[in-house]
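Pasting my_file36.txt here (compact mmCIF, C-alpha atoms):
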# COMPACT_ATOMS: atom_id res chain seq x y z
CA MET Y 1 2.45 104.09 44.71
CA ARG Y 2 1.94 102.63 41.22
CA GLU Y 3 2.15 98.93 40.69
CA ARG Y 4 4.92 97.82 38.38
CA GLN Y 5 3.60 96.30 35.17
CA PRO Y 6 5.08 93.00 34.01
CA ALA Y 7 7.30 92.91 30.93
CA ALA Y 8 4.90 90.58 29.21
CA GLU Y 9 1.16 90.12 29.13
CA SER Y 10 -0.63 86.84 28.77
CA ALA Y 11 -2.51 86.27 25.53
CA GLY Y 12 -4.40 83.01 25.43
CA GLY Y 13 -1.90 81.42 27.82
CA PHE Y 14 1.22 82.66 26.03
CA ALA Y 15 3.59 85.42 27.08
CA VAL Y 16 3.58 88.23 24.54
CA SER Y 17 6.33 90.83 24.46
CA ARG Y 18 5.09 94.41 24.79
CA ARG Y 19 7.80 95.60 22.41
CA SER Y 20 7.15 93.34 19.43
CA GLY Y 21 3.71 91.94 20.23
CA ARG Y 22 5.10 88.50 19.38
CA VAL Y 23 5.73 85.46 21.51
CA SER Y 24 9.33 84.76 22.36
CA PRO Y 25 10.14 81.05 22.76
CA ASP Y 26 12.04 81.97 25.92
CA GLU Y 27 8.96 83.69 27.36
CA ALA Y 28 6.39 81.19 26.14
CA GLN Y 29 4.14 79.22 28.38
CA GLU Y 30 2.34 76.20 27.15
CA THR Y 31 -1.40 76.00 26.79
CA SER Y 32 -3.23 72.78 27.42
CA ILE Y 33 -6.73 72.13 26.10
CA ALA Y 34 -8.85 69.28 27.43
CA VAL Y 35 -10.53 67.48 24.55
CA ARG Y 36 -13.87 65.71 24.87
CA THR Y 37 -16.26 67.16 22.28
CA ASP Y 38 -16.37 68.67 18.80
CA ALA Y 39 -16.45 72.13 20.42
CA ASP Y 40 -12.97 71.44 21.81
CA ILE Y 41 -11.72 70.92 18.25
CA VAL Y 42 -12.72 74.52 17.47
CA VAL Y 43 -11.05 75.85 20.64
CA ALA Y 44 -7.78 74.00 19.97
CA ARG Y 45 -7.75 75.16 16.34
CA GLN Y 46 -8.34 78.80 17.33
CA ARG Y 47 -5.67 78.80 20.03
CA GLY Y 48 -3.18 77.20 17.65
CA ARG Y 49 -3.90 79.79 14.97
CA GLU Y 50 -3.50 82.60 17.52
CA LEU Y 51 -0.15 81.24 18.68
CA ALA Y 52 1.04 80.78 15.10
CA ALA Y 53 0.09 84.38 14.26
CA SER Y 54 1.90 85.68 17.35
CA LEU Y 55 5.02 83.78 16.24
CA GLY Y 56 4.96 85.51 12.87
CA PHE Y 57 3.62 82.65 10.74
CA GLY Y 58 1.89 83.91 7.60
CA PRO Y 59 -1.78 83.19 6.82
CA THR Y 60 -1.04 80.05 4.77
CA ASP Y 61 1.07 78.45 7.50
CA GLN Y 62 -1.50 79.49 10.12
CA THR Y 63 -4.10 77.54 8.13
CA LEU Y 64 -1.82 74.50 7.81
CA ILE Y 65 -1.16 74.52 11.56
CA ALA Y 66 -4.86 74.93 12.38
CA THR Y 67 -5.71 72.06 10.02
CA ALA Y 68 -3.14 69.74 11.62
CA ILE Y 69 -4.49 70.63 15.08
CA SER Y 70 -8.05 69.94 13.87
CA GLU Y 71 -7.09 66.50 12.58
CA LEU Y 72 -5.24 65.53 15.75
CA THR Y 73 -8.05 66.79 17.98
CA ARG Y 74 -10.71 65.08 15.86
CA ASN Y 75 -8.82 61.78 16.26
CA ILE Y 76 -8.94 62.17 20.04
CA VAL Y 77 -12.71 62.78 20.00
CA LEU Y 78 -13.37 59.98 17.51
CA TYR Y 79 -11.13 57.22 18.85
CA ALA Y 80 -10.32 57.99 22.50
CA GLN Y 81 -13.31 60.15 23.56
CA ARG Y 82 -11.04 62.31 25.67
CA GLY Y 83 -7.49 63.58 25.77
CA ARG Y 84 -5.44 66.74 25.65
CA ILE Y 85 -3.83 69.07 23.13
CA VAL Y 86 -0.76 71.01 24.27
CA LEU Y 87 0.43 74.02 22.25
CA LYS Y 88 3.84 75.56 22.81
CA ALA Y 89 6.06 78.15 21.17
CA ILE Y 90 9.52 76.67 20.57
CA GLY Y 91 12.91 77.86 19.38
CA GLN Y 92 15.99 76.14 18.05
CA GLY Y 93 19.12 77.64 16.52
CA GLY Y 94 17.48 81.00 15.88
CA LYS Y 95 14.33 79.42 14.40
CA ARG Y 96 10.91 79.86 15.95
CA GLY Y 97 8.09 77.45 15.70
CA ILE Y 98 5.11 75.77 17.26
CA MET Y 99 4.92 72.36 18.88
CA VAL Y 100 1.62 70.51 19.16
CA VAL Y 101 1.27 67.45 21.37
CA ALA Y 102 -1.92 65.38 21.12
CA ARG Y 103 -2.19 62.88 23.96
CA ASP Y 104 -4.90 60.41 24.95
CA ASP Y 105 -5.39 57.31 27.07
CA GLY Y 106 -7.60 55.64 24.47
CA PRO Y 107 -7.34 52.22 22.89
CA GLY Y 108 -4.04 52.91 21.09
CA ILE Y 109 -3.23 52.12 17.48
CA PRO Y 110 -2.57 48.42 16.78
CA ASN Y 111 -0.60 49.06 13.58
CA VAL Y 112 0.95 52.55 13.47
CA GLU Y 113 2.63 51.92 10.11
CA GLN Y 114 -0.71 51.07 8.53
CA ALA Y 115 -2.43 54.06 10.21
CA LEU Y 116 0.15 56.35 8.56
CA GLN Y 117 -0.68 55.13 5.05
CA SER Y 118 -2.78 57.49 2.95
CA GLY Y 119 -6.29 56.17 2.52
CA PHE Y 120 -6.29 53.89 5.56
CA SER Y 121 -9.20 54.48 7.94
CA THR Y 122 -10.88 52.44 10.65
CA SER Y 123 -13.73 54.96 10.91
CA GLY Y 124 -14.87 54.80 7.30
CA GLY Y 125 -13.44 58.26 6.58
CA LEU Y 126 -11.06 59.29 3.84
CA GLY Y 127 -7.95 58.31 5.80
CA LEU Y 128 -6.37 61.76 5.58
CA GLY Y 129 -5.88 62.28 9.35
CA LEU Y 130 -2.42 61.17 10.47
CA PRO Y 131 -0.85 61.02 6.99
CA GLY Y 132 -2.21 64.51 6.32
CA VAL Y 133 -0.83 65.84 9.60
CA ARG Y 134 2.56 64.37 8.74
CA ARG Y 135 2.53 66.16 5.35
CA LEU Y 136 1.44 69.49 6.88
CA THR Y 137 4.19 69.62 9.53
CA ASP Y 138 7.99 69.69 9.53
CA GLU Y 139 8.51 67.11 12.26
CA PHE Y 140 6.20 64.25 13.21
CA HIS Y 141 6.51 61.64 15.96
CA ILE Y 142 3.94 59.11 17.13
CA ALA Y 143 4.01 56.72 20.08
CA SER Y 144 1.11 54.37 20.62
CA GLU Y 145 0.52 51.35 22.79
CA VAL Y 146 -2.60 49.23 22.50
CA GLY Y 147 -4.68 49.63 25.64
CA HIS Y 148 -2.68 52.63 26.85
CA GLY Y 149 -3.20 55.41 24.34
CA THR Y 150 -1.40 57.51 21.77
CA THR Y 151 0.81 60.58 21.79
CA VAL Y 152 1.49 62.50 18.58
CA THR Y 153 4.05 65.32 18.65
CA VAL Y 154 4.43 67.64 15.66
CA LYS Y 155 6.48 70.75 15.02
CA LYS Y 156 6.13 73.44 12.39
CA TRP Y 157 8.99 75.91 11.92
CA ASN Y 158 8.55 79.48 10.74
CA ARG Y 159 10.62 79.91 7.59

Encoded form (structure tokens):
Amino acid sequence: MRERQPAAESAGGFAVSRRSGRVSPDEAQETSIAVRTDADIVVARQRGRELAASLGFGPTDQTLIATAISELTRNIVLYAQRGRIVLKAIGQGGKRGIMVVARDDGPGIPNVEQALQSGFSTSGGLGLGLPGVRRLTDEFHIASEVGHGTTVTVKKWNR
């Protein structure tokens, strides 16, 4: 007796339809990546690009998504030393997209408004991180509490 094959196969933690080869938001599972080192930045970026491609995002949007993920992950490594990136295919009103949640239990951001200003940096960098992520994505939300950590949630919709 042959085993019945599932309707979808897992690809990097996401359900991929056999018919279209693309991720359906209804079928999607989320992928969570523990972040501690620079190597985790590469893993998160690659998984995000793979998900974006499976959702039908073109090469330019795939690069924008990967860049936003890199910036969010780099902030975790730099400021909190450890955290998590969650990637998820989403859908709303016939649109498909990707949601990225960057979460840490680090020191938190004392002045979120200031941290979102272009050019502001506490690390001596160029200050492109959070403001850059906000420009690269369609939806941006940040919650931070000093002493308790930061959660950044972004969404990019496939046009």

**Asked** When you draw a straight line from atom CA of Y:Arg159 to atom CA of Y:Gln62, how long is it in Å?
**Response** 12.4 Å

**Request:** Up to 10 Å from (-12.4, 57.5, 23.7) in the file's coordinates: name the residues, counting only C-alpha atoms, as a VMD selection string.
**Result:** chain Y and resid 36 75 to 83 104 to 108 149

**Request:** Determine, counting all atoms listed in the file, which protein, DNA and RNA residues have an atom within 7 Å of an atom of Y:Gly97; residues of the same chain fewer than 2 positions away are not included. Present the result as a PyMOL selection string.
**Result:** chain Y and resi 89-91+95+99+155-158

**Message:** If I take atom CA of Y:Gln114 and atom CA of Y:Asp61, how far is one from the other in Å, to one decimal?
**Reply:**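 For atom CA of Y:Gln114 relative to atom CA of Y:Asp61, the distance reads 27.5 Å.
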
**Item:** Counting only C-alpha atoms, the residue of Y:Val133, Y:Val146, Y:Ile98, Y:Ser32 that sits nearest Y:Ser70
**Value:** Y:Val133

**Request:** Record the distance separating atom CA of Y:Thr73 and atom CA of Y:Gly93, expressed in Å with one decimal.
**Result:**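 Atom CA of Y:Thr73 sits 29.3 Å away from atom CA of Y:Gly93.
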
**Request:** Rank nothing, just name the residue among Y:Leu72, Y:Gly119, Y:Leu55, Y:Lys88 nearest to Y:Phe140, using only C-alpha atoms.
**Result:**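 Closest to Y:Phe140 of all the choices is Y:Leu72.
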
**Asked** From the set Y:Leu51, Y:Leu130, Y:Val112, Y:Val154, which residue has the shortest atom-to-atom contact distance to Y:Val100, counting all atoms listed in the file?
**Response** Y:Val154

**Request:** Name the closest residue to Y:Gly129 among the candidates Y:Ala102, Y:Ile85, Y:Ala68, Y:Val43; distances are taken between atoms, counting only C-alpha atoms.
**Result:**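 Selected residue with least distance to Y:Gly129: Y:Ala68.
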
**Asked** Within 12 Å of Y:Gln46, counting all atoms listed in the file, which residues qualify if same-chain residues fewer than 5 places away don't, as a PyMOL selection string?
**Response** chain Y and resi 12+33+39-41+51-53+62-63+65-70+87

Just C-alpha atoms for this one: save the residues we selected as a short mmCIF file (atom, residue, chain, number, x, y, z; two decimals), in the frame of the given file.
data_model
loop_
_atom_site.label_atom_id
_atom_site.label_comp_id
_atom_site.auth_asym_id
_atom_site.auth_seq_id
_atom_site.Cartn_x
_atom_site.Cartn_y
_atom_site.Cartn_z
CA GLY Y 12 -4.40 83.01 25.43
CA ILE Y 33 -6.73 72.13 26.10
CA ALA Y 39 -16.45 72.13 20.42
CA ASP Y 40 -12.97 71.44 21.81
CA ILE Y 41 -11.72 70.92 18.25
CA LEU Y 51 -0.15 81.24 18.68
CA ALA Y 52 1.04 80.78 15.10
CA ALA Y 53 0.09 84.38 14.26
CA GLN Y 62 -1.50 79.49 10.12
CA THR Y 63 -4.10 77.54 8.13
CA ILE Y 65 -1.16 74.52 11.56
CA ALA Y 66 -4.86 74.93 12.38
CA THR Y 67 -5.71 72.06 10.02
CA ALA Y 68 -3.14 69.74 11.62
CA ILE Y 69 -4.49 70.63 15.08
CA SER Y 70 -8.05 69.94 13.87
CA LEU Y 87 0.43 74.02 22.25
#
